[in-house]
Amino acid sequence: MPEKQYDHTQIELKWFERWQDAALYRAEENSDRPKYYVLEMLPYPSGQLHIGHVRNYSIGDALARYKWMRGFNVLHPIGWDAFGLPAENAAIANRRHPREWTLANIAAMKRTYRRFAFSYDWDREISTCEPEYYRWNQWFFLKMLERGMAYRKKALVNWCSECATVLANEQVVDGCCWRHETTPVEQRALEQWFFRITKYADQLLDDISQLEGGWPDRVLTMQRNWIGRSVGTEADFTLDTGATVRVFTTRVDTIHGATCVILAPEHPLVATLTDSEGAARGKAMVDSRANQGPGDIVKEGFFTGHYAMNPYSGERVPVWIGNFVLMGYGTGAIMAVPAHDERDFEFCTKYGIAIRSVIRPADGDLDEQPGAAFTEDGIVERSGEFSGLPSAEARRRMNEKAEREGFGQAAITYRLKDWGVSRQRYWGTPIPVIHCERCGVVPVPEADLPVVLPIDVNITGRGRSPLEDVPEFVNVQCPKCEGAARRETDTMDTFVDSSWYFYRYCDPRNAGLPFDPAKIAYWFRIDQYIGGVEHAILHLIYSRFFTKAMRDIGLVENDEPVANLFTQGMVIRDGAKMSKSKGNVVPADESVERHGADTSRMFALFAAPPEKDVDWRDEGVEGVYRFLGRVYRFATRNADRKPGGGSPEAGRKALRKLHQTLKKITEDFESRWHFNTSIAAIMELVNELYALENELSGDVMAEVLEKLALLLGPFAPYLSQEIWDELGKPGIVFQQSWPAYDPELAKEDEAEVVIQVNGKVRGHISVAFGTSREALEKQALSDVKVQSLLNGKQVAKVIVIPDKLINIVVKG
RNA sequence: GCCCGGGUGGCGAAACUGGCAGACGCAAAGGACUUAAAAUCCUUUUUCCCGCAAGGGGAGUGUGGGUUCGAUUCCCACCCCGGGCACCA
C-alpha cells in the first residue's frame, strides 16, 4: 500500500472548515481560570499581509495556543485600525468610503489571513473605520474638550506635501515624513487641534518605573529621551529697550560666565530689536534650517546692536540672534556661557565673543584660556555671593534668589510637545465640533454622535480637507443658537484610533459607553503585548497617555495599559526591510498556498529568535515543509501499531528523548520565547524516532505519537489536529492539556564526564550520577590516554565538577 | 558626537549559570531506491597538518590585551555593522 503523502491544502482546509463554528480562544470572563490576554499589533488591512506581521502573528498565535493548553483564559483578538495605510493603496482608499474599503478588506483578510493567523474570536473584530468606532473616538474627544485636554490654536505644524496633511512631531523622521522618507517636511501656520499630552509628561516619565522589567530597556530609554525632562531655571534679562527676555538654563550656576544672550531667529522680540534687514536675515535662517535636512548645521548668527542685563551680576551683555537656538524648546532664548557649554563655545569663538570661566574642578584651578568648554559640575567662582559653592548648591541658592527677587524661578521643561491631532484628510474620524460665528466653537451634542463621513467626496490632494467641498457635510445648524454654522472639517490622526482599540476588544458591542469599566478591571493591564519596536515612541506613548486620560475620566483603574511588551523583529526579504511606504510585502497567499499555513508560521518561528529580524528565504521554508511531511508520514504509518513488541532499550531511549523535549519546550514557552530552539528540539526528537522506528513497541509508539501531536499544537495546529485524528483521539487537539514532563524519564542513565588536561578535552568517561569527586579523580588519572599524556609530568592540581568535568593541571 | 544592541562555518543559527564551540535547519558532495527523474532514506560537511587506514595533532567565536585550572560567555582598549537621539541650552 502506498504511503500517505502530506497534503497541507487538504488537511488545513478540512480543519479550517470544521473549526469555523468552534468558539476557540473565546475569553470566558470571570471564569475560574487564570486570565491571560495576549495582544498583537494589527494585521495589515490590504488583503496582503504586511510581512512584519507574519512574524507578529506567528509569535502571538503560538503563545496564545500554548497558554490555552495550559488552562489559561486567553483573549486573542484580531482586528485593526486605519493607520498604516500603504502609500500605493492610499489613492485607492481615498477614493472610496473607508467603511466600504474596510468591509472589502475584512473579506479579503478572512480569506487569506484567517487560516494563517488562526484567531476565532471574531466577536472582537473591530474596525476603527466603523461609525461605532467613530462614535467613541468622538466621545473621547468631547471629554477631552470638556476637561481642557483638547484645544485649538494657530501653530506652526509639520506639513507633508505628499500626504497633503499635517504630521505629528512623532511622525517626522529625519526631517521627512514617516511615510514619504524623501519628502522634506514643511512648516505651516494653521489652526490645529491638540491633545494636551504635556500635562501628563511627568506621569509618563515617572510611571516608566512601573514598566521596568516588563518592557525592553531600549523602548523605555527612547521614551525617556522623547519626553526629555530637563530641570533648570528660567531667568529674565532686561533689555536696553526696557523689555525683558526670559532664558531657560539647566546650569544657572554658570550664569556669571554668560557673555551674551542669543535669541532664536523666530523669537518674537527679533522684530523689535532689528531693522528690516535684520528681520530678513532671521527669516533666511529659519528657511535655510527648514530646508537643511538632518545632520549638522553650521552655526551662524549676528549681533542685534542691543544689550541685556544679567539679573544676577548686573552685567551688560550683547544680544545676538543664532540659528542654533530653537524656538520650540525652553523659552526660545538662551544665555551663552562659552566657557562651560560646547555649543556656546563654538559660537562665541567664531564671532569673537568674550569667554570667561566661572567653574573650576573641585581639585583644580579656573581655566583662564579654555581651549574647549569645561561642562562638568565643579566649584563656582567669580560669582559674587555664590563664589566657592559647589555647582548643585549654587543652583539651589540662585533659584531661591530669582524667586525672591521676582526675576525668575526654578523651572522644568520638556522636549515632549502637545499632540497635534488634526488631519486634513478624508480618512479618519471627523472632529465633532461646529464653528458658529456667534457662539464660537460648539461641541456636537452627544446625542448627535457619531458624525460620519459623507460618501461622495472628490479627493483633490490639494492640501485642504476634501470635506470642505461637501456642502451638506459642512453647512449645519449651530446646536446652541440654531443659526447657520460650519462643521469642523479636520479629521483625527488615526493614532487616536490605535490608542485605545484594545480596551474596546474587551467589550466590542457596548452601545452606551466605549466599554464597561468593570470588564476592563477584569482584563487589564494587558499581560503581554507584542509589536514592532518602530512603535516605541508613537503608538506606545499615545496609548499610555490615553490610558491615563481615561483613568482620570473614570473609565479605567490602571495607570498603564501594558504590563509586558515584547518587540519582535522584522521580516526581511531580499535584503530590504519590509516597509509600508515601500510596499514590499509578501502576499500571504503565496506562501500559504504553496506550503500551507502551518509551514509558513513554523518557518517564521524557526528562522531566528523572535526579537531578531529574519530573512524570508524560500529555501528555508522548504526545509520546514519537508520536516512536517516527515512527521506526517511517520505518524500515519505508525498510528495503527499493535501493542507489544520492540526492545525495552529503544523504548527507554525514545521516552527519554520525548521527555527531554517536553521539558525544553515547556521552559522555552515559560521563560524566553526562543521558538527556534523549541522547533529544533522537536526535529531532534523526530530524527531520534526515525532511527528507532522499527525497535519501538506499540505502546511506546502510541505514547510518543500522542505527545508529539500535542507538542506540535502551538506551532502547526492543523497538522497537529490531523495526527490527533489519525490516532483516533477525539476532540480538538489544543483543547487538550499541555503534556507534563516526567523529570525521572528525562534523566540520562549515566553522566558523561569530560576529561581535560590543562583545559583541553582529552577524553570522556561515563559514570553513575553522583559519583564522588575522589572516585572521579582516581578514574581520570588512571585513564590510559591520560596516563600517556601525563608521561611522568607532575600533576599540580585536579579540578572536579561532579557529573560534568575533570580538569587535570600539569606542570612542565 | 551621545545612548542602546550586535559581530560564531558557504548561509540562518545553537551553546540558558564561566565547563566538550558549531545543536537544528539550508546549501553542497557522495550513496541507496528508480528504466529515468522527482520524492524519500542513509552518509559526509569549521579549518589546517600527519597517516593507506583506524586514528592522532594544531588553530579557531571581529582585533589586541587581561582575569581564570578553564572564556563565545567576565574585565579593559580598539575595529566594524545595525538601531535610536542629535544643536533640547
# chains A, B, ... in the order shown; residues from 1 in each chain; ligands from 1

call {"tool": "residues_around", "arguments": {"residues": "U67 in chain B", "least_positions_apart": "6", "cutoff": "12 Å", "atoms": "only C-alpha atoms (C1' of nucleotides)", "output": "PyMOL selection string"}}
result
chain B and resi 18+74-76

call {"tool": "interface_residues", "arguments": {"of": "chain A", "to": "chain B", "cutoff": "6 Å", "atoms": "only C-alpha atoms (C1' of nucleotides)", "output": "list of chain:residue names"}}
result
A:Thr249, A:Phe324, A:Gly620, A:Ala680, A:Gly759

call {"tool": "select_by_dssp", "arguments": {"residues": "range 189-373 of chain A", "states": "strand (DSSP E or B)", "output": "MDAnalysis selection string"}}
result
chainID A and resid 189:195 212 215 230:239 244:249 260:263 301:309 316:322 333:336 359:360

call {"tool": "residues_around", "arguments": {"residues": "range 9-17 of chain A", "least_positions_apart": "4", "cutoff": "8 Å", "atoms": "only C-alpha atoms (C1' of nucleotides)", "output": "VMD selection string"}}
result
chain A and resid 115 593 596 to 597 718 to 719 721 to 722

call {"tool": "write_last_selection", "arguments": {"atoms": "N, CA, C and O atoms", "output": "CSV table (one decimal), in the first residue's frame"}}
result
chain,number,residue,atom,x,y,z
A,115,ARG,N,-6.7,31.6,8.0
A,115,ARG,CA,-6.1,30.2,8.0
A,115,ARG,C,-4.8,30.3,8.7
A,115,ARG,O,-4.3,29.4,9.4
A,593,GLU,N,-0.4,29.3,0.2
A,593,GLU,CA,-0.9,28.4,-0.8
A,593,GLU,C,0.2,27.4,-1.2
A,593,GLU,O,-0.1,26.2,-1.4
A,596,GLY,N,1.5,26.0,2.8
A,596,GLY,CA,0.5,25.9,3.8
A,596,GLY,C,0.7,26.8,5.0
A,596,GLY,O,1.8,27.4,5.2
A,597,ALA,N,-0.3,27.0,5.8
A,597,ALA,CA,-0.3,28.0,6.9
A,597,ALA,C,0.7,27.4,8.0
A,597,ALA,O,1.4,28.2,8.6
A,718,TYR,N,-2.8,22.7,12.4
A,718,TYR,CA,-3.6,21.8,11.5
A,718,TYR,C,-3.0,20.4,11.4
A,718,TYR,O,-3.7,19.4,11.5
A,719,LEU,N,-1.7,20.4,11.3
A,719,LEU,CA,-1.1,19.0,11.2
A,719,LEU,C,-1.2,18.3,12.6
A,719,LEU,O,-1.5,17.1,12.6
A,721,GLN,N,-3.6,18.6,14.7
A,721,GLN,CA,-5.0,18.0,14.7
A,721,GLN,C,-5.2,16.8,13.8
A,721,GLN,O,-5.8,15.8,14.2
A,722,GLU,N,-4.6,16.8,12.7
A,722,GLU,CA,-4.7,15.7,11.7
A,722,GLU,C,-4.1,14.5,12.4
A,722,GLU,O,-4.7,13.4,12.3

call {"tool": "atom_distance", "arguments": {"atom1": "CA of Gly532 in chain A", "atom2": "CA of Gly52 in chain A"}}
result
8.1 Å

call {"tool": "atom_distance", "arguments": {"atom1": "CA of Ala201 in chain A", "atom2": "CA of Phe546 in chain A"}}
result
12.4 Å

call {"tool": "atom_distance", "arguments": {"atom1": "CA of Ser161 in chain A", "atom2": "CA of Gln192 in chain A"}}
result
16.9 Å

call {"tool": "residues_around", "arguments": {"residues": "Glu40 in chain A", "least_positions_apart": "5", "cutoff": "9 Å", "atoms": "only C-alpha atoms (C1' of nucleotides)", "output": "JSON, numbers by chain"}}
result
{"A": [53, 56, 57, 59, 60, 61, 76, 77, 78, 528, 529, 530, 531]}

call {"tool": "write_last_selection", "arguments": {"atoms": "all heavy atoms", "output": "compact mmCIF listing (two decimals), in the first residue's frame"}}
result
# COMPACT_ATOMS: atom_id res chain seq x y z
N HIS A 53 4.09 41.50 9.98
CA HIS A 53 3.03 40.94 10.79
C HIS A 53 2.94 39.43 10.69
O HIS A 53 2.33 38.80 11.53
CB HIS A 53 1.70 41.57 10.41
CG HIS A 53 1.61 42.99 10.87
ND1 HIS A 53 1.33 44.02 10.02
CD2 HIS A 53 1.81 43.55 12.07
CE1 HIS A 53 1.34 45.15 10.70
NE2 HIS A 53 1.64 44.89 11.94
N ASN A 56 4.74 38.67 13.66
CA ASN A 56 3.90 39.02 14.77
C ASN A 56 2.91 37.95 15.09
O ASN A 56 2.72 37.56 16.23
CB ASN A 56 3.10 40.23 14.34
CG ASN A 56 3.25 41.34 15.30
OD1 ASN A 56 3.58 41.07 16.43
ND2 ASN A 56 3.04 42.53 14.85
N TYR A 57 2.24 37.53 14.06
CA TYR A 57 1.19 36.58 14.29
C TYR A 57 1.71 35.21 14.64
O TYR A 57 1.10 34.49 15.41
CB TYR A 57 0.22 36.52 13.09
CG TYR A 57 -1.08 37.03 13.58
CD1 TYR A 57 -1.49 38.32 13.34
CD2 TYR A 57 -1.86 36.22 14.41
CE1 TYR A 57 -2.64 38.81 13.88
CE2 TYR A 57 -3.02 36.71 14.95
CZ TYR A 57 -3.41 38.00 14.69
OH TYR A 57 -4.54 38.48 15.24
N ILE A 59 4.22 34.56 16.48
CA ILE A 59 4.61 34.57 17.89
C ILE A 59 3.38 34.55 18.79
O ILE A 59 3.21 33.68 19.64
CB ILE A 59 5.45 35.81 18.22
CG1 ILE A 59 6.72 35.83 17.39
CG2 ILE A 59 5.79 35.84 19.70
CD1 ILE A 59 7.37 37.19 17.36
N GLY A 60 2.50 35.52 18.57
CA GLY A 60 1.36 35.66 19.44
C GLY A 60 0.41 34.48 19.35
O GLY A 60 -0.16 34.04 20.35
N ASP A 61 0.28 33.95 18.14
CA ASP A 61 -0.64 32.87 17.91
C ASP A 61 -0.16 31.59 18.61
O ASP A 61 -0.93 30.90 19.27
CB ASP A 61 -0.72 32.66 16.40
CG ASP A 61 -2.03 32.05 15.99
OD1 ASP A 61 -3.05 32.36 16.62
OD2 ASP A 61 -2.02 31.24 15.05
N HIS A 76 -7.59 36.48 22.45
CA HIS A 76 -6.61 36.61 21.37
C HIS A 76 -7.31 37.24 20.19
O HIS A 76 -7.69 36.58 19.25
CB HIS A 76 -6.10 35.20 21.03
CG HIS A 76 -5.08 35.19 19.96
ND1 HIS A 76 -5.31 34.62 18.75
CD2 HIS A 76 -3.83 35.68 19.92
CE1 HIS A 76 -4.22 34.74 18.00
NE2 HIS A 76 -3.32 35.37 18.69
N PRO A 77 -7.53 38.51 20.28
CA PRO A 77 -8.40 39.16 19.31
C PRO A 77 -7.70 39.48 18.01
O PRO A 77 -6.48 39.47 17.93
CB PRO A 77 -8.77 40.45 20.02
CG PRO A 77 -7.58 40.75 20.85
CD PRO A 77 -6.95 39.46 21.23
N ILE A 78 -8.49 39.73 17.04
CA ILE A 78 -7.93 40.13 15.76
C ILE A 78 -8.69 41.37 15.32
O ILE A 78 -9.87 41.51 15.58
CB ILE A 78 -8.06 38.99 14.75
CG1 ILE A 78 -7.29 39.31 13.48
CG2 ILE A 78 -9.51 38.69 14.44
CD1 ILE A 78 -7.15 38.10 12.59
N GLN A 528 0.48 40.66 28.05
CA GLN A 528 1.58 40.59 27.10
C GLN A 528 1.18 41.25 25.79
O GLN A 528 0.21 40.83 25.17
CB GLN A 528 1.94 39.13 26.83
CG GLN A 528 3.13 38.97 25.94
CD GLN A 528 4.41 39.47 26.61
OE1 GLN A 528 4.79 38.99 27.65
NE2 GLN A 528 5.04 40.47 26.00
N TYR A 529 1.90 42.24 25.42
CA TYR A 529 1.64 42.96 24.17
C TYR A 529 2.82 42.66 23.24
O TYR A 529 3.96 42.62 23.69
CB TYR A 529 1.56 44.45 24.47
CG TYR A 529 0.87 45.30 23.43
CD1 TYR A 529 -0.38 44.96 22.92
CD2 TYR A 529 1.45 46.47 22.97
CE1 TYR A 529 -1.01 45.77 22.00
CE2 TYR A 529 0.82 47.28 22.05
CZ TYR A 529 -0.43 46.93 21.57
OH TYR A 529 -1.05 47.74 20.66
N ILE A 530 2.51 42.43 21.99
CA ILE A 530 3.57 42.11 21.05
C ILE A 530 3.50 43.09 19.89
O ILE A 530 2.44 43.28 19.31
CB ILE A 530 3.41 40.67 20.51
CG1 ILE A 530 3.40 39.67 21.66
CG2 ILE A 530 4.51 40.34 19.52
CD1 ILE A 530 3.03 38.26 21.25
N GLY A 531 4.60 43.69 19.57
CA GLY A 531 4.57 44.63 18.46
C GLY A 531 5.97 44.99 18.03
O GLY A 531 6.95 44.60 18.66

call {"tool": "select_by_dssp", "arguments": {"residues": "range 377-591 of chain A", "states": "helix (DSSP H, G or I)", "output": "ChimeraX atom specification"}}
result
/A:384-386,391-405,446-448,466-469,471-474,494-498,501-504,517-523,533-535,539-553,588-591
